[in-house]
file final22.txt (compact mmCIF, C-alpha atoms and all ligand atoms)
# COMPACT_ATOMS: atom_id res chain seq x y z
CA THR A 15 0.00 0.00 0.00
CA GLU A 16 3.07 2.30 0.40
CA ASP A 17 3.31 3.03 -3.32
CA LYS A 18 -0.38 3.88 -3.66
CA ARG A 19 -1.24 7.36 -4.78
CA LEU A 20 -2.91 9.82 -2.46
CA ILE A 21 -6.26 10.87 -3.95
CA LEU A 22 -7.86 12.81 -1.12
CA LYS A 23 -6.36 14.57 1.84
CA LEU A 24 -7.96 16.44 4.71
CA GLU A 25 -5.58 18.86 6.38
CA GLY A 26 -6.41 20.15 9.82
CA ILE A 27 -10.16 20.16 9.25
CA THR A 28 -12.22 21.77 11.98
CA LYS A 29 -15.95 22.35 11.70
CA SER A 30 -17.97 24.11 14.34
CA PHE A 31 -21.68 24.76 14.34
CA GLY A 32 -22.09 27.73 16.64
CA GLY A 33 -20.23 26.66 19.76
CA ASN A 34 -20.45 22.97 18.92
CA ILE A 35 -17.26 21.52 17.44
CA ALA A 36 -18.31 18.62 15.23
CA VAL A 37 -14.86 17.87 13.78
CA LYS A 38 -11.59 18.92 15.33
CA GLN A 39 -8.19 19.24 13.59
CA LEU A 40 -8.79 16.22 11.43
CA ASP A 41 -6.03 14.96 9.13
CA MET A 42 -7.02 12.09 6.92
CA GLU A 43 -5.46 10.47 3.87
CA VAL A 44 -7.33 8.39 1.34
CA MET A 45 -5.38 6.38 -1.23
CA GLN A 46 -6.55 5.88 -4.78
CA GLY A 47 -8.54 2.69 -5.26
CA GLU A 48 -8.94 1.81 -1.61
CA ILE A 49 -12.08 1.21 0.42
CA HIS A 50 -11.71 3.59 3.34
CA ALA A 51 -14.05 3.12 6.28
CA LEU A 52 -14.99 6.05 8.49
CA ILE A 53 -16.32 4.78 11.79
CA GLY A 54 -17.03 6.05 15.29
CA PRO A 55 -19.94 6.38 17.71
CA ASN A 56 -23.01 8.51 17.07
CA GLY A 57 -22.19 12.19 16.94
CA SER A 58 -18.45 11.61 16.43
CA GLY A 59 -18.36 13.71 13.25
CA LYS A 60 -18.57 11.15 10.44
CA THR A 61 -21.40 12.74 8.47
CA THR A 62 -19.91 16.20 8.96
CA THR A 63 -16.63 14.89 7.51
CA ILE A 64 -18.38 13.40 4.47
CA ASN A 65 -20.30 16.65 4.01
CA ILE A 66 -17.04 18.57 4.05
CA ILE A 67 -15.59 16.26 1.39
CA SER A 68 -18.65 16.53 -0.87
CA GLY A 69 -18.97 20.29 -0.36
CA ILE A 70 -22.21 20.49 1.62
CA HIS A 71 -20.27 22.17 4.44
CA GLU A 72 -17.32 24.49 4.24
CA PRO A 73 -14.85 23.76 7.05
CA THR A 74 -14.26 26.38 9.72
CA GLU A 75 -10.55 25.64 9.38
CA GLY A 76 -8.39 23.41 7.21
CA LYS A 77 -8.16 22.23 3.64
CA VAL A 78 -9.59 19.55 1.41
CA ILE A 79 -7.08 18.45 -1.24
CA PHE A 80 -8.33 16.28 -4.09
CA ASN A 81 -5.84 14.95 -6.66
CA GLY A 82 -3.38 17.59 -5.52
CA THR A 83 -5.85 20.47 -5.93
CA ASP A 84 -7.27 22.54 -3.10
CA ILE A 85 -11.05 22.11 -3.46
CA THR A 86 -11.99 23.61 -0.08
CA LYS A 87 -13.88 26.49 -1.68
CA LEU A 88 -15.51 24.58 -4.52
CA LYS A 89 -19.27 24.09 -4.73
CA ILE A 90 -20.94 20.67 -4.60
CA HIS A 91 -21.53 20.45 -8.36
CA GLN A 92 -17.94 21.52 -9.10
CA ARG A 93 -16.65 18.72 -6.90
CA ALA A 94 -19.07 16.32 -8.57
CA GLN A 95 -17.67 17.32 -11.94
CA LEU A 96 -14.16 16.66 -10.67
CA GLY A 97 -15.28 13.14 -9.78
CA ILE A 98 -16.59 13.12 -6.21
CA SER A 99 -19.96 11.40 -5.97
CA ARG A 100 -22.08 10.29 -3.02
CA THR A 101 -25.12 8.54 -1.66
CA PHE A 102 -27.10 9.65 1.36
CA GLN A 103 -28.08 8.05 4.65
CA ASN A 104 -31.75 8.19 3.71
CA LEU A 105 -32.87 6.90 0.36
CA ARG A 106 -33.24 9.52 -2.34
CA ILE A 107 -35.10 7.40 -4.82
CA PHE A 108 -37.65 9.22 -6.93
CA PRO A 109 -41.12 7.74 -6.64
CA ASP A 110 -43.06 6.89 -9.81
CA MET A 111 -39.79 6.60 -11.68
CA THR A 112 -38.25 3.41 -13.00
CA VAL A 113 -34.86 2.15 -11.89
CA LEU A 114 -33.43 3.24 -15.24
CA GLU A 115 -34.83 6.74 -14.82
CA ASN A 116 -33.53 6.98 -11.28
CA VAL A 117 -30.07 5.99 -12.47
CA LEU A 118 -30.25 8.47 -15.35
CA VAL A 119 -30.56 11.29 -12.83
CA GLY A 120 -26.92 10.59 -12.00
CA ALA A 121 -25.89 11.43 -15.56
CA HIS A 122 -26.94 15.01 -15.20
CA VAL A 123 -23.74 15.82 -13.37
CA ASN A 124 -22.15 15.53 -16.80
CA TYR A 125 -25.03 17.30 -18.48
CA LYS A 126 -23.52 20.73 -18.05
CA SER A 127 -22.08 21.17 -21.50
CA GLY A 128 -23.40 24.72 -21.54
CA LEU A 129 -26.48 26.46 -22.86
CA LYS A 130 -25.73 26.00 -26.52
CA VAL A 131 -26.57 22.34 -26.17
CA ILE A 132 -30.15 23.23 -25.27
CA PHE A 133 -30.60 24.91 -28.65
CA ASP A 134 -29.02 22.04 -30.49
CA THR A 135 -31.54 19.22 -30.40
CA LYS A 136 -29.24 16.78 -32.17
CA ASN A 137 -26.64 17.19 -29.44
CA VAL A 138 -29.25 16.73 -26.74
CA LYS A 139 -30.55 13.57 -28.40
CA ASP A 140 -27.05 12.13 -28.82
CA GLU A 141 -26.24 12.87 -25.22
CA GLU A 142 -29.49 11.29 -24.06
CA ILE A 143 -28.81 8.15 -26.07
CA ARG A 144 -25.30 7.94 -24.65
CA ASN A 145 -26.66 8.34 -21.13
CA ILE A 146 -29.30 5.63 -21.59
CA LYS A 147 -26.67 3.24 -22.95
CA LYS A 148 -24.43 4.09 -20.05
CA ALA A 149 -27.26 3.56 -17.54
CA TYR A 150 -27.91 0.07 -18.93
CA GLU A 151 -24.19 -0.70 -18.68
CA VAL A 152 -24.10 0.45 -15.06
CA LEU A 153 -27.23 -1.59 -14.21
CA GLU A 154 -25.72 -4.66 -15.81
CA PHE A 155 -22.41 -4.10 -14.03
CA LEU A 156 -24.23 -4.09 -10.68
CA GLY A 157 -26.56 -6.96 -11.63
CA LEU A 158 -29.67 -4.77 -11.70
CA GLN A 159 -30.50 -5.17 -15.40
CA ASP A 160 -33.70 -7.16 -14.71
CA TYR A 161 -35.05 -4.26 -12.66
CA ALA A 162 -34.44 -1.53 -15.26
CA ASP A 163 -38.15 -0.97 -15.97
CA SER A 164 -39.46 -1.59 -12.45
CA ILE A 165 -40.74 1.31 -10.37
CA ALA A 166 -37.80 1.77 -8.03
CA THR A 167 -39.75 2.45 -4.84
CA GLU A 168 -41.67 -0.82 -5.25
CA LEU A 169 -38.46 -2.87 -5.00
CA PRO A 170 -36.95 -4.26 -1.79
CA TYR A 171 -35.05 -1.70 0.26
CA GLY A 172 -31.71 -3.45 -0.35
CA ILE A 173 -32.16 -3.21 -4.12
CA GLN A 174 -33.07 0.48 -3.84
CA LYS A 175 -29.81 1.08 -1.99
CA ILE A 176 -27.90 -0.49 -4.89
CA VAL A 177 -29.89 1.64 -7.32
CA GLU A 178 -28.48 4.63 -5.45
CA VAL A 179 -24.97 3.27 -5.85
CA ALA A 180 -25.70 2.82 -9.57
CA ARG A 181 -26.77 6.45 -9.78
CA ALA A 182 -23.64 7.55 -7.95
CA ILE A 183 -21.35 5.84 -10.47
CA MET A 184 -23.15 7.07 -13.61
CA SER A 185 -20.81 10.05 -13.73
CA ASP A 186 -17.67 7.84 -13.68
CA PRO A 187 -16.47 9.27 -10.38
CA TYR A 188 -13.01 8.79 -8.91
CA VAL A 189 -14.38 8.77 -5.38
CA VAL A 190 -17.76 7.58 -4.09
CA LEU A 191 -18.91 8.53 -0.60
CA LEU A 192 -21.37 6.08 0.95
CA ASP A 193 -23.19 7.26 4.05
CA GLU A 194 -24.37 4.24 6.04
CA PRO A 195 -25.39 2.14 3.07
CA ALA A 196 -26.08 -0.98 5.17
CA ALA A 197 -28.56 0.72 7.53
CA GLY A 198 -31.89 -1.08 7.51
CA LEU A 199 -30.72 -3.95 5.31
CA THR A 200 -31.17 -7.67 5.98
CA SER A 201 -28.01 -9.77 6.28
CA GLU A 202 -28.41 -11.08 2.71
CA GLU A 203 -28.86 -7.55 1.46
CA ILE A 204 -25.74 -6.47 3.34
CA GLU A 205 -23.80 -9.27 1.66
CA ARG A 206 -24.96 -8.12 -1.74
CA LEU A 207 -24.04 -4.54 -0.85
CA GLY A 208 -20.57 -5.70 0.15
CA ASN A 209 -20.14 -7.40 -3.23
CA THR A 210 -21.33 -4.24 -4.94
CA ILE A 211 -18.74 -2.16 -3.09
CA LEU A 212 -16.00 -4.63 -4.04
CA LYS A 213 -17.07 -4.25 -7.67
CA LEU A 214 -16.58 -0.50 -7.41
CA LYS A 215 -13.09 -1.16 -6.10
CA GLU A 216 -12.36 -3.56 -8.97
CA LYS A 217 -13.31 -0.75 -11.29
CA GLY A 218 -10.68 1.43 -9.62
CA ILE A 219 -13.19 3.64 -7.82
CA THR A 220 -12.09 4.88 -4.40
CA VAL A 221 -14.80 4.28 -1.79
CA ILE A 222 -15.20 6.15 1.49
CA ILE A 223 -17.84 4.50 3.60
CA ILE A 224 -19.49 5.48 6.87
CA GLU A 225 -20.96 2.45 8.55
CA HIS A 226 -22.36 1.29 11.86
CA HIS A 227 -22.10 -2.40 11.02
CA ILE A 228 -18.52 -2.61 12.27
CA ASP A 229 -17.75 -6.22 11.36
CA PHE A 230 -19.17 -5.75 7.88
CA VAL A 231 -17.15 -2.63 7.20
CA LEU A 232 -13.90 -3.79 8.82
CA ASN A 233 -14.02 -6.94 6.69
CA LEU A 234 -14.54 -4.85 3.58
CA ALA A 235 -12.19 -1.92 4.13
CA ASP A 236 -8.53 -1.62 3.17
CA ARG A 237 -8.02 1.14 5.71
CA VAL A 238 -10.07 2.74 8.44
CA THR A 239 -10.30 6.07 10.21
CA VAL A 240 -11.96 6.10 13.63
CA LEU A 241 -13.47 9.27 15.08
CA ASP A 242 -14.52 10.00 18.62
CA PHE A 243 -15.96 13.36 19.68
CA GLY A 244 -14.82 14.87 16.38
CA GLU A 245 -11.22 13.74 16.77
CA LYS A 246 -9.33 11.04 14.96
CA ILE A 247 -8.32 8.31 17.39
CA PHE A 248 -7.10 5.81 14.80
CA GLU A 249 -6.10 5.60 11.16
CA GLY A 250 -4.71 2.40 9.72
CA LEU A 251 -5.48 -1.19 8.84
CA PRO A 252 -8.78 -2.78 9.94
CA GLN A 253 -7.01 -5.67 11.67
CA ASP A 254 -5.01 -3.15 13.72
CA ALA A 255 -8.16 -1.17 14.53
CA ARG A 256 -9.73 -4.30 16.01
CA HIS A 257 -6.86 -4.56 18.48
CA ASP A 258 -6.39 -0.87 19.21
CA GLN A 259 -7.02 0.00 22.86
CA LYS A 260 -8.67 3.38 22.22
CA VAL A 261 -10.88 1.95 19.49
CA LYS A 262 -11.95 -0.89 21.76
CA GLU A 263 -12.81 1.51 24.56
CA VAL A 264 -14.99 3.60 22.26
CA TYR A 265 -16.92 0.55 21.11
CA ILE A 266 -17.16 -1.26 24.40
CA GLY A 267 -18.01 1.99 26.18
CA GLY A 268 -20.60 2.89 23.48
P1 LIG A 301 -21.99 11.25 13.14
O1 LIG A 301 -22.22 11.26 11.67
O2 LIG A 301 -20.70 10.61 13.53
O3 LIG A 301 -23.14 10.67 13.92
P2 LIG A 301 -22.28 14.12 12.92
O4 LIG A 301 -21.22 14.57 12.00
O5 LIG A 301 -23.66 13.99 12.38
O6 LIG A 301 -21.83 12.77 13.64
O7 LIG A 301 -22.36 15.11 14.16
C1 LIG A 301 -21.23 15.53 14.92
C2 LIG A 301 -21.65 16.59 15.90
O8 LIG A 301 -21.96 17.79 15.20
C3 LIG A 301 -22.87 16.25 16.73
O9 LIG A 301 -22.70 16.76 18.01
C4 LIG A 301 -23.99 16.96 15.99
O10 LIG A 301 -25.01 17.30 16.89
C5 LIG A 301 -23.30 18.19 15.47
N1 LIG A 301 -23.88 18.67 14.21
C6 LIG A 301 -23.85 18.02 13.02
N2 LIG A 301 -24.47 18.74 12.06
C7 LIG A 301 -24.90 19.88 12.67
C8 LIG A 301 -25.60 21.05 12.22
N3 LIG A 301 -25.97 21.19 10.94
N4 LIG A 301 -25.85 22.01 13.14
C9 LIG A 301 -25.47 21.89 14.42
N5 LIG A 301 -24.81 20.83 14.90
C10 LIG A 301 -24.51 19.83 14.04
call {"tool": "encode", "arguments": {"input": "final22.txt", "output": "structure tokens", "more": "lines below"}}
Ligand code: ADP
result
Amino acid sequence: TEDKRLILKLEGITKSFGGNIAVKQLDMEVMQGEIHALIGPNGSGKTTTINIISGIHEPTEGKVIFNGTDITKLKIHQRAQLGISRTFQNLRIFPDMTVLENVLVGAHVNYKSGLKVIFDTKNVKDEEIRNIKKAYEVLEFLGLQDYADSIATELPYGIQKIVEVARAIMSDPYVVLLDEPAAGLTSEEIERLGNTILKLKEKGITVIIIEHHIDFVLNLADRVTVLDFGEKIFEGLPQDARHDQKVKEVYIGG
């Protein structure tokens, strides 16, 4: 892992909401192509960290460096265009839309070719056809092809979660942020989710995953960062995290 390239770096990130410090002086390094787990008890700052990476929050202090570029001041859509994509803790599946249509929503990150495209119907049509082809490819890649025409919200919860992953990779991101993807899933659904995440890794996509199912995520991850009260208490290999005294205290205490 030593020769792996750094893709994302947080430098001294602090985020306070009023007087409440959600994340404190956080340094974190994510290597290209790895599955990086972000764990810690409730309220330890995981979601805030993900929101700072995706651009929902601007940090109070510190820098976000992506592929060597300081993106701290960039807007959400600018970061998305650079290749940072995410899913949310709660499902954001559009009702009355098919799986294919839900996945197509993820293409619109790339749909910013400028106004002239709107006046050029041929370009719009070509782009739409490319996107639909791409959506079918993504569905097939994740084993969802049989569901393409199903109404997404009528499918089992675990499938809907994978539809969200499909949407997140429509834009060919470098990094995908998954916020508690296993929440509310059955054990079979969690297994399928794990396989899906491994597929993203095979494709070379870097995955940062927040998760409460500790065994699941430690088995999956290449490296792990552990937060407690907004501070990093561990960064390293999952097998080392399992034996780390501070990490154990946080989990046994919580
Ligand atoms: P986690 O994802 O680990 O459960 P969060 O990042 O959601 O933790 O929260 C960390 C801390 O920051 C908590 O004390 C939470 O109450 C606080 N916090 C998070 N978001 C906000 C917000 N928008 N406004 C005020 N406080 C917040």
call {"tool": "residues_near_ligand", "arguments": {"input": "final22.txt", "ligand": "ligand LIG 301 (chain A)", "cutoff": "7 Å", "atoms": "all atoms listed in the file", "output": "count of residues only"}}
result
16
call {"tool": "closest_residue", "arguments": {"input": "final22.txt", "among": "A:Ile70, A:Leu40, A:Met45, A:Ile173", "to": "Phe243 (chain A)", "atoms": "only C-alpha atoms"}}
result
A:Leu40
call {"tool": "closest_residue", "arguments": {"input": "final22.txt", "among": "A:Arg100, A:Lys136, A:His50, A:Lys87", "to": "Ile222 (chain A)", "atoms": "all atoms listed in the file"}}
result
A:His50
call {"tool": "residues_around", "arguments": {"input": "final22.txt", "residues": "Gly157 (chain A)", "least_positions_apart": "2", "cutoff": "12 Å", "atoms": "all atoms listed in the file", "output": "JSON list (two decimals) with C-alpha atoms, in the coordinates of the input"}}
result
[["chain", "number", "residue", "atom", "x", "y", "z"],
["A", 150, "TYR", "CA", -27.91, 0.07, -18.93],
["A", 151, "GLU", "CA", -24.19, -0.70, -18.68],
["A", 152, "VAL", "CA", -24.10, 0.45, -15.06],
["A", 153, "LEU", "CA", -27.23, -1.59, -14.21],
["A", 154, "GLU", "CA", -25.72, -4.66, -15.81],
["A", 155, "PHE", "CA", -22.41, -4.10, -14.03],
["A", 159, "GLN", "CA", -30.50, -5.17, -15.40],
["A", 160, "ASP", "CA", -33.70, -7.16, -14.71],
["A", 161, "TYR", "CA", -35.05, -4.26, -12.66],
["A", 162, "ALA", "CA", -34.44, -1.53, -15.26],
["A", 173, "ILE", "CA", -32.16, -3.21, -4.12],
["A", 176, "ILE", "CA", -27.90, -0.49, -4.89],
["A", 177, "VAL", "CA", -29.89, 1.64, -7.32],
["A", 179, "VAL", "CA", -24.97, 3.27, -5.85],
["A", 180, "ALA", "CA", -25.70, 2.82, -9.57],
["A", 206, "ARG", "CA", -24.96, -8.12, -1.74],
["A", 207, "LEU", "CA", -24.04, -4.54, -0.85],
["A", 209, "ASN", "CA", -20.14, -7.40, -3.23],
["A", 210, "THR", "CA", -21.33, -4.24, -4.94],
["A", 213, "LYS", "CA", -17.07, -4.25, -7.67]]
call {"tool": "closest_residue", "arguments": {"input": "final22.txt", "among": "A:Ile64, A:Leu156, A:Ala182, A:Ile79", "to": "Gly120 (chain A)", "atoms": "only C-alpha atoms"}}
result
A:Ala182
call {"tool": "residues_around", "arguments": {"input": "final22.txt", "residues": "Gly82 (chain A)", "least_positions_apart": "4", "cutoff": "10 Å", "atoms": "all atoms listed in the file", "output": "list in words"}}
result
Leu20, Ile21, Leu22, Lys23 and Val78 of chain A
call {"tool": "residues_around", "arguments": {"input": "final22.txt", "residues": "Ile146 (chain A)", "least_positions_apart": "2", "cutoff": "10 Å", "atoms": "only C-alpha atoms", "output": "PyMOL selection string"}}
result
chain A and resi 114-115+117-118+121+140-144+148-152
call {"tool": "residues_around", "arguments": {"input": "final22.txt", "residues": "Lys215 (chain A)", "least_positions_apart": "6", "cutoff": "9 Å", "atoms": "all atoms listed in the file", "output": "PyMOL selection string"}}
result
chain A and resi 47-49+221
call {"tool": "atom_distance", "arguments": {"input": "final22.txt", "atom1": "CA of Asn116 (chain A)", "atom2": "CA of Gly218 (chain A)"}}
result
23.6 Å
call {"tool": "residues_around", "arguments": {"input": "final22.txt", "residues": "region 237-239 of chain A", "least_positions_apart": "3", "cutoff": "8 Å", "atoms": "only C-alpha atoms", "output": "compact mmCIF listing (two decimals) with C-alpha atoms, in the coordinates of the input"}}
result
# COMPACT_ATOMS: atom_id res chain seq x y z
CA MET A 42 -7.02 12.09 6.92
CA GLU A 48 -8.94 1.81 -1.61
CA ILE A 49 -12.08 1.21 0.42
CA HIS A 50 -11.71 3.59 3.34
CA ALA A 51 -14.05 3.12 6.28
CA LEU A 52 -14.99 6.05 8.49
CA ILE A 53 -16.32 4.78 11.79
CA LEU A 232 -13.90 -3.79 8.82
CA LYS A 246 -9.33 11.04 14.96
CA ILE A 247 -8.32 8.31 17.39
CA PHE A 248 -7.10 5.81 14.80
CA GLU A 249 -6.10 5.60 11.16
CA GLY A 250 -4.71 2.40 9.72
CA LEU A 251 -5.48 -1.19 8.84
CA PRO A 252 -8.78 -2.78 9.94
CA ALA A 255 -8.16 -1.17 14.53
call {"tool": "closest_residue", "arguments": {"input": "final22.txt", "among": "A:Asn145, A:Gln259, A:Ser201, A:Thr167", "to": "His122 (chain A)", "atoms": "all atoms listed in the file"}}
result
A:Asn145
call {"tool": "closest_residue", "arguments": {"input": "final22.txt", "among": "A:Ser164, A:Gln253, A:Gln46, A:Asn65", "to": "Tyr188 (chain A)", "atoms": "all atoms listed in the file"}}
result
A:Gln46
